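Q: Starting off with a structure, shown below.
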Amino acid sequence: MEDFAAVDRTIRAQLASHVPLIETIGNYIIESGGKRVRPLLALLSARALGYEGHQHITLAALIEFMHTSTLLHDDVVDESHLRRGRATANDTWGNAPSVLVGDFLYSRSFEMMVEVGSMPIMAVLSNATSIIAEGEVLQLTNIGNADIDEAAYFDTIQGKTAMLFEAASHTGAMVAGGSEAQIEALKLYGRYLGLAFQLIDDLLDYQGNATEMGKNVGDDLAEGKPTLPLIRAMAVGSPAQANVVRRAIGEGGLSYLDEVLTIVRDTGALEYTRARAHEMVDRALEQLTLLPPSPYRESLELLVRQAVDRHA
């Protein structure tokens, strides 16, 4: 896809800085093997509505910058040492450079928003940055809290993950000048795709392959994150099982990993989490019925199906 190659060229051009460390860290994380789902969403959404201009390229690149900046910051907050099978930037260069380069990428993304030249698009993206930050803070405050229910969990992942998916497909539709109904449909499509994506991420923490995932099974548990497999296991498991999961969340670490892996399997919590992800896929696919048939619409359909079929 020529659009994707153009986005890559734009990303590399926008990474240019007279400070060498910015380019070094920026290139390191950009090249770390990410799927670039979010910029792809912006490209496909615009093309699915017949867009033939070039602003979707800038839009897709700035969305990748927004995403990359959050990765840099998240790895510092989570004290992560591995992402996508490689050492994290903070593990390689330290926390301070990672945070500051993340700030640079965020700032550069706003410069690129100005280049797109649409106040409505800028309003959507700037609002998204606030919601994403709120979602990250909400997740942080919930660390070690075993009293989080399913509704609170969905609020958290809507902010920290689904919001940027939503903003990507929403603004892609906006740059194409789609109808109000089509723009709303693609906005919701991105939201449901993002929710499905995070649900599968949280599922894979308890049944994934460490080599394929680029992180270790149980990382979320070690951090004390109350994700849906754990929330469901506490809700439907025996009092004894629920108590084990509560202690595991409250204490963090991996002391209870083997027990928790057994519990989430025996309570059907993993199947439940996957079923909720498929529910989000169905909702996303329903939105695409408002788009005209095209290879781009087909790609959007394939993208959301792949979100729940992945193993990493």
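Going by the structure tokens order, chains are called A, B, ..., each with residues numbered from 1, while ligands are numbered from 1 in the order shown.
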When you look at Ser255 of chain A with a cut-off of 12 Å (counting only C-alpha atoms), what residues show up, excluding the ones that are within fewer than 4 positions of it in the same chain? I need them as a PDB file with all heavy atoms, in the first residue's frame.
A:
ATOM      1  N   GLY A 218       1.842 -13.106  32.644  1.00  0.00           N
ATOM      2  CA  GLY A 218       1.729 -12.704  34.041  1.00  0.00           C
ATOM      3  C   GLY A 218       2.242 -11.313  34.346  1.00  0.00           C
ATOM      4  O   GLY A 218       2.209 -10.875  35.500  1.00  0.00           O
ATOM      5  N   LEU A 221      -0.424  -9.251  36.008  1.00  0.00           N
ATOM      6  CA  LEU A 221      -0.628  -9.717  37.387  1.00  0.00           C
ATOM      7  C   LEU A 221       0.490  -9.210  38.277  1.00  0.00           C
ATOM      8  O   LEU A 221       0.247  -8.759  39.405  1.00  0.00           O
ATOM      9  CB  LEU A 221      -0.685 -11.241  37.426  1.00  0.00           C
ATOM     10  CG  LEU A 221      -0.974 -11.859  38.796  1.00  0.00           C
ATOM     11  CD1 LEU A 221      -2.398 -11.533  39.235  1.00  0.00           C
ATOM     12  CD2 LEU A 221      -0.771 -13.370  38.773  1.00  0.00           C
ATOM     13  N   ALA A 222       1.718  -9.270  37.776  1.00  0.00           N
ATOM     14  CA  ALA A 222       2.870  -8.811  38.564  1.00  0.00           C
ATOM     15  C   ALA A 222       2.722  -7.339  38.938  1.00  0.00           C
ATOM     16  O   ALA A 222       3.170  -6.912  40.013  1.00  0.00           O
ATOM     17  CB  ALA A 222       4.160  -9.035  37.782  1.00  0.00           C
ATOM     18  N   GLU A 223       2.077  -6.559  38.059  1.00  0.00           N
ATOM     19  CA  GLU A 223       1.881  -5.137  38.327  1.00  0.00           C
ATOM     20  C   GLU A 223       0.628  -4.860  39.153  1.00  0.00           C
ATOM     21  O   GLU A 223       0.354  -3.716  39.509  1.00  0.00           O
ATOM     22  CB  GLU A 223       1.793  -4.368  37.004  1.00  0.00           C
ATOM     23  CG  GLU A 223       3.088  -4.389  36.200  1.00  0.00           C
ATOM     24  CD  GLU A 223       2.922  -3.820  34.810  1.00  0.00           C
ATOM     25  OE1 GLU A 223       1.970  -3.037  34.597  1.00  0.00           O
ATOM     26  OE2 GLU A 223       3.735  -4.160  33.930  1.00  0.00           O
ATOM     27  N   GLY A 224      -0.158  -5.908  39.433  1.00  0.00           N
ATOM     28  CA  GLY A 224      -1.373  -5.719  40.221  1.00  0.00           C
ATOM     29  C   GLY A 224      -2.515  -5.095  39.445  1.00  0.00           C
ATOM     30  O   GLY A 224      -3.381  -4.429  40.017  1.00  0.00           O
ATOM     31  N   VAL A 244      -7.908 -15.873  46.507  1.00  0.00           N
ATOM     32  CA  VAL A 244      -6.566 -16.006  45.927  1.00  0.00           C
ATOM     33  C   VAL A 244      -6.312 -14.882  44.921  1.00  0.00           C
ATOM     34  O   VAL A 244      -5.256 -14.243  44.931  1.00  0.00           O
ATOM     35  CB  VAL A 244      -6.394 -17.380  45.239  1.00  0.00           C
ATOM     36  CG1 VAL A 244      -5.092 -17.414  44.432  1.00  0.00           C
ATOM     37  CG2 VAL A 244      -6.390 -18.495  46.272  1.00  0.00           C
ATOM     38  N   VAL A 245      -7.300 -14.640  44.050  1.00  0.00           N
ATOM     39  CA  VAL A 245      -7.145 -13.587  43.037  1.00  0.00           C
ATOM     40  C   VAL A 245      -7.035 -12.220  43.701  1.00  0.00           C
ATOM     41  O   VAL A 245      -6.208 -11.385  43.299  1.00  0.00           O
ATOM     42  CB  VAL A 245      -8.312 -13.621  42.030  1.00  0.00           C
ATOM     43  CG1 VAL A 245      -8.194 -12.460  41.039  1.00  0.00           C
ATOM     44  CG2 VAL A 245      -8.334 -14.952  41.277  1.00  0.00           C
ATOM     45  N   ARG A 247      -5.833 -11.518  46.651  1.00  0.00           N
ATOM     46  CA  ARG A 247      -4.502 -11.389  47.239  1.00  0.00           C
ATOM     47  C   ARG A 247      -3.457 -11.142  46.158  1.00  0.00           C
ATOM     48  O   ARG A 247      -2.540 -10.335  46.324  1.00  0.00           O
ATOM     49  CB  ARG A 247      -4.142 -12.653  48.025  1.00  0.00           C
ATOM     50  CG  ARG A 247      -4.869 -12.787  49.348  1.00  0.00           C
ATOM     51  CD  ARG A 247      -4.154 -13.761  50.287  1.00  0.00           C
ATOM     52  NE  ARG A 247      -4.020 -15.097  49.696  1.00  0.00           N
ATOM     53  CZ  ARG A 247      -4.937 -16.050  49.795  1.00  0.00           C
ATOM     54  NH1 ARG A 247      -6.077 -15.825  50.456  1.00  0.00           N
ATOM     55  NH2 ARG A 247      -4.737 -17.234  49.247  1.00  0.00           N
ATOM     56  N   ALA A 248      -3.607 -11.834  45.020  1.00  0.00           N
ATOM     57  CA  ALA A 248      -2.651 -11.674  43.925  1.00  0.00           C
ATOM     58  C   ALA A 248      -2.653 -10.233  43.396  1.00  0.00           C
ATOM     59  O   ALA A 248      -1.599  -9.650  43.138  1.00  0.00           O
ATOM     60  CB  ALA A 248      -2.980 -12.641  42.798  1.00  0.00           C
ATOM     61  N   ILE A 249      -3.845  -9.660  43.246  1.00  0.00           N
ATOM     62  CA  ILE A 249      -3.951  -8.270  42.777  1.00  0.00           C
ATOM     63  C   ILE A 249      -3.396  -7.316  43.823  1.00  0.00           C
ATOM     64  O   ILE A 249      -2.634  -6.389  43.515  1.00  0.00           O
ATOM     65  CB  ILE A 249      -5.415  -7.914  42.448  1.00  0.00           C
ATOM     66  CG1 ILE A 249      -5.917  -8.723  41.249  1.00  0.00           C
ATOM     67  CG2 ILE A 249      -5.564  -6.415  42.176  1.00  0.00           C
ATOM     68  CD1 ILE A 249      -7.411  -8.600  40.993  1.00  0.00           C
ATOM     69  N   GLY A 250      -3.782  -7.540  45.066  1.00  0.00           N
ATOM     70  CA  GLY A 250      -3.375  -6.625  46.132  1.00  0.00           C
ATOM     71  C   GLY A 250      -1.888  -6.613  46.395  1.00  0.00           C
ATOM     72  O   GLY A 250      -1.296  -5.557  46.661  1.00  0.00           O
ATOM     73  N   GLU A 251      -1.259  -7.770  46.278  1.00  0.00           N
ATOM     74  CA  GLU A 251       0.159  -7.867  46.595  1.00  0.00           C
ATOM     75  C   GLU A 251       1.055  -7.652  45.388  1.00  0.00           C
ATOM     76  O   GLU A 251       2.231  -7.296  45.527  1.00  0.00           O
ATOM     77  CB  GLU A 251       0.461  -9.242  47.214  1.00  0.00           C
ATOM     78  CG  GLU A 251      -0.228  -9.465  48.558  1.00  0.00           C
ATOM     79  CD  GLU A 251       0.025 -10.849  49.115  1.00  0.00           C
ATOM     80  OE1 GLU A 251       1.007 -11.498  48.676  1.00  0.00           O
ATOM     81  OE2 GLU A 251      -0.747 -11.276  49.996  1.00  0.00           O
ATOM     82  N   GLU A 259      -1.421 -20.440  40.616  1.00  0.00           N
ATOM     83  CA  GLU A 259      -2.786 -20.591  41.121  1.00  0.00           C
ATOM     84  C   GLU A 259      -3.766 -19.764  40.303  1.00  0.00           C
ATOM     85  O   GLU A 259      -4.862 -20.227  39.959  1.00  0.00           O
ATOM     86  CB  GLU A 259      -2.857 -20.181  42.591  1.00  0.00           C
ATOM     87  CG  GLU A 259      -2.184 -21.124  43.565  1.00  0.00           C
ATOM     88  CD  GLU A 259      -2.253 -20.583  44.976  1.00  0.00           C
ATOM     89  OE1 GLU A 259      -3.267 -20.834  45.662  1.00  0.00           O
ATOM     90  OE2 GLU A 259      -1.293 -19.896  45.391  1.00  0.00           O
ATOM     91  N   VAL A 260      -3.380 -18.532  39.999  1.00  0.00           N
ATOM     92  CA  VAL A 260      -4.270 -17.646  39.241  1.00  0.00           C
ATOM     93  C   VAL A 260      -4.494 -18.174  37.831  1.00  0.00           C
ATOM     94  O   VAL A 260      -5.624 -18.136  37.324  1.00  0.00           O
ATOM     95  CB  VAL A 260      -3.712 -16.201  39.217  1.00  0.00           C
ATOM     96  CG1 VAL A 260      -4.491 -15.341  38.218  1.00  0.00           C
ATOM     97  CG2 VAL A 260      -3.776 -15.578  40.598  1.00  0.00           C
ATOM     98  N   LEU A 261      -3.444 -18.690  37.185  1.00  0.00           N
ATOM     99  CA  LEU A 261      -3.602 -19.258  35.851  1.00  0.00           C
ATOM    100  C   LEU A 261      -4.618 -20.410  35.869  1.00  0.00           C
ATOM    101  O   LEU A 261      -5.448 -20.533  34.958  1.00  0.00           O
ATOM    102  CB  LEU A 261      -2.266 -19.764  35.318  1.00  0.00           C
ATOM    103  CG  LEU A 261      -1.238 -18.693  34.932  1.00  0.00           C
ATOM    104  CD1 LEU A 261       0.093 -19.335  34.545  1.00  0.00           C
ATOM    105  CD2 LEU A 261      -1.744 -17.814  33.809  1.00  0.00           C
TER     106      LEU A 261
END
Q: Among segment 120-279 of chain A, which residues does DSSP mark as alpha helix (DSSP H) when it is run on the backbone? Keep the chain and numbering as in the structure and answer as an NGL selection string.
A: :A and (120-141 or 150-157 or 163-175 or 180-207 or 210-213 or 219-222 or 228-236 or 239-251 or 257-266 or 269-279)
Q: Identify, on the basis of only C-alpha atoms, every residue whose closest approach to Leu195 of chain A does not exceed 10 Å; exclude the query and any residue fewer than 6 positions from it along the same chain; express the result as a count of residues only.
A: 18
Q: Which of these, A:Asn145, A:Asn243, A:Ser294, A:Gln182, has the shortest distance to Thr227 of chain A once you count only C-alpha atoms?
A: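 When distances to Thr227 of chain A are compared using only C-alpha atoms, the smallest one comes from A:Asn145.
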Q: Write down as a list in words the residues of segment 40-229 of chain A whose backbone DSSP state falls under strand (DSSP E or B).
A: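 Checking each residue of segment 40-229 of chain A, the strand (DSSP E or B) ones are Leu82, Arg83, Arg86 and Ala87 of chain A.
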Q: Give me a file of those residues, with N, CA, C and O atoms, as a compact mmCIF listing (two decimals), in the first residue's frame.
A:
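selection-v2.txt, written as the output of this step:
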# COMPACT_ATOMS: atom_id res chain seq x y z
N LEU A 82 10.84 -4.82 28.71
CA LEU A 82 10.69 -5.52 27.43
C LEU A 82 9.42 -5.06 26.75
O LEU A 82 8.37 -4.96 27.37
N ARG A 83 9.54 -4.74 25.47
CA ARG A 83 8.37 -4.42 24.64
C ARG A 83 8.63 -4.97 23.25
O ARG A 83 9.66 -4.70 22.64
N ARG A 86 11.97 -6.60 22.54
CA ARG A 86 13.22 -5.83 22.62
C ARG A 86 13.25 -5.07 23.93
O ARG A 86 12.22 -4.79 24.54
N ALA A 87 14.47 -4.70 24.34
CA ALA A 87 14.61 -3.86 25.53
C ALA A 87 13.87 -2.54 25.30
O ALA A 87 13.89 -1.98 24.20
Q: For Tyr296 of chain A, find every residue with an atom within 10 Å (counting only C-alpha atoms), except residues of its own chain fewer than 4 positions away, and show them as a PyMOL selection string.
A: chain A and resi 43-50+291-292+300-302
Q: With only C-alpha atoms as the atoms that count, which of A:Ala13, A:Asp282, A:Ala146, A:Gln306 lies nearest to Ala233 of chain A?
A: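 The answer is A:Ala146, which sits nearest to Ala233 of chain A.
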Q: With only C-alpha atoms as the basis for distance, which of A:Thr273, A:Ser32, A:Ser169, A:Thr68 is at the shortest distance from Pro229 of chain A?
A: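 Smallest distance to Pro229 of chain A is found for A:Thr273.
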Q: Rank nothing, just name the residue among A:Val116, A:Gln198, A:Gln241, A:Leu186 nearest to Tyr153 of chain A, using only C-alpha atoms.
A: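 Of A:Val116, A:Gln198, A:Gln241, A:Leu186, the one nearest Tyr153 of chain A, counting only C-alpha atoms, is A:Gln198.
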Q: Name all residues at most 12 Å from Asp91 of chain A (count only C-alpha atoms; drop same-chain ones fewer than 3 positions away) and give them as a list in words.
A: Ile25, Leu72, Asp75, Val76, Asp78, Glu79, Ser80, His81, Leu82, Arg83, Arg86, Ala87, Thr88, Gly94, Asn95, Ala96, Pro97 and Ser98 of chain A
Q: Quick one: residues within 9 Å of Asp219 of chain A, only C-alpha atoms, excluding same-chain residues fewer than 3 positions away - as a JSON list (two decimals) with N, CA, C and O atoms, in the first residue's frame?
A:
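Result written to around-v8.json:
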[["chain", "number", "residue", "atom", "x", "y", "z"],
["A", 205, "ASP", "N", -2.32, -12.10, 28.45],
["A", 205, "ASP", "CA", -1.43, -12.06, 29.62],
["A", 205, "ASP", "C", -1.54, -13.35, 30.43],
["A", 205, "ASP", "O", -0.65, -13.64, 31.24],
["A", 206, "TYR", "N", -2.61, -14.11, 30.23],
["A", 206, "TYR", "CA", -2.82, -15.34, 30.99],
["A", 206, "TYR", "C", -2.76, -16.61, 30.14],
["A", 206, "TYR", "O", -2.83, -17.70, 30.67],
["A", 215, "LYS", "N", 6.57, -10.05, 25.66],
["A", 215, "LYS", "CA", 6.51, -9.78, 27.09],
["A", 215, "LYS", "C", 6.18, -11.09, 27.78],
["A", 215, "LYS", "O", 5.87, -12.09, 27.14],
["A", 216, "ASN", "N", 6.30, -11.10, 29.07],
["A", 216, "ASN", "CA", 6.13, -12.33, 29.81],
["A", 216, "ASN", "C", 4.68, -12.55, 30.22],
["A", 216, "ASN", "O", 3.97, -11.60, 30.58],
["A", 222, "ALA", "N", 1.72, -9.27, 37.78],
["A", 222, "ALA", "CA", 2.87, -8.81, 38.56],
["A", 222, "ALA", "C", 2.72, -7.34, 38.94],
["A", 222, "ALA", "O", 3.17, -6.91, 40.01],
["A", 223, "GLU", "N", 2.08, -6.56, 38.06],
["A", 223, "GLU", "CA", 1.88, -5.14, 38.33],
["A", 223, "GLU", "C", 0.63, -4.86, 39.15],
["A", 223, "GLU", "O", 0.35, -3.72, 39.51],
["A", 224, "GLY", "N", -0.16, -5.91, 39.43],
["A", 224, "GLY", "CA", -1.37, -5.72, 40.22],
["A", 224, "GLY", "C", -2.51, -5.09, 39.45],
["A", 224, "GLY", "O", -3.38, -4.43, 40.02],
["A", 225, "LYS", "N", -2.55, -5.33, 38.12],
["A", 225, "LYS", "CA", -3.61, -4.75, 37.28],
["A", 225, "LYS", "C", -4.85, -5.63, 37.32],
["A", 225, "LYS", "O", -4.79, -6.80, 36.93],
["A", 253, "GLY", "N", 3.31, -8.87, 42.07],
["A", 253, "GLY", "CA", 4.29, -9.94, 42.00],
["A", 253, "GLY", "C", 3.71, -11.20, 41.39],
["A", 253, "GLY", "O", 2.57, -11.22, 40.92],
["A", 254, "LEU", "N", 4.50, -12.27, 41.42],
["A", 254, "LEU", "CA", 4.10, -13.50, 40.74],
["A", 254, "LEU", "C", 3.98, -14.70, 41.68],
["A", 254, "LEU", "O", 3.95, -15.85, 41.23]]
Q: Using only C-alpha atoms, which residue out of A:Ala151, A:Leu288, A:Leu62, A:Ile131 lies closest to Val114 of chain A?
A: A:Leu62
Q: Give me the residues near Thr24 of chain A as a list in words, where near means some atom within 12 Å (using only C-alpha atoms) and where sequence neighbours in that chain fewer than 4 positions away do not count.
A: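 My list of contacting residues is Arg12, Leu15, Ala16, Ser17, His18, Val19, Pro20, Tyr28, Ile29, Ile30, Glu31, Ala89, Thr92, Trp93, Pro97, Ser98 and Val101 of chain A.
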Q: Using only C-alpha atoms for the distances, tell me which of A:Leu199, A:Val217, A:Leu138, A:Ile231 is nearest to Ala275 of chain A.
A: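 The shortest atom-to-atom distance to Ala275 of chain A comes from A:Leu199.
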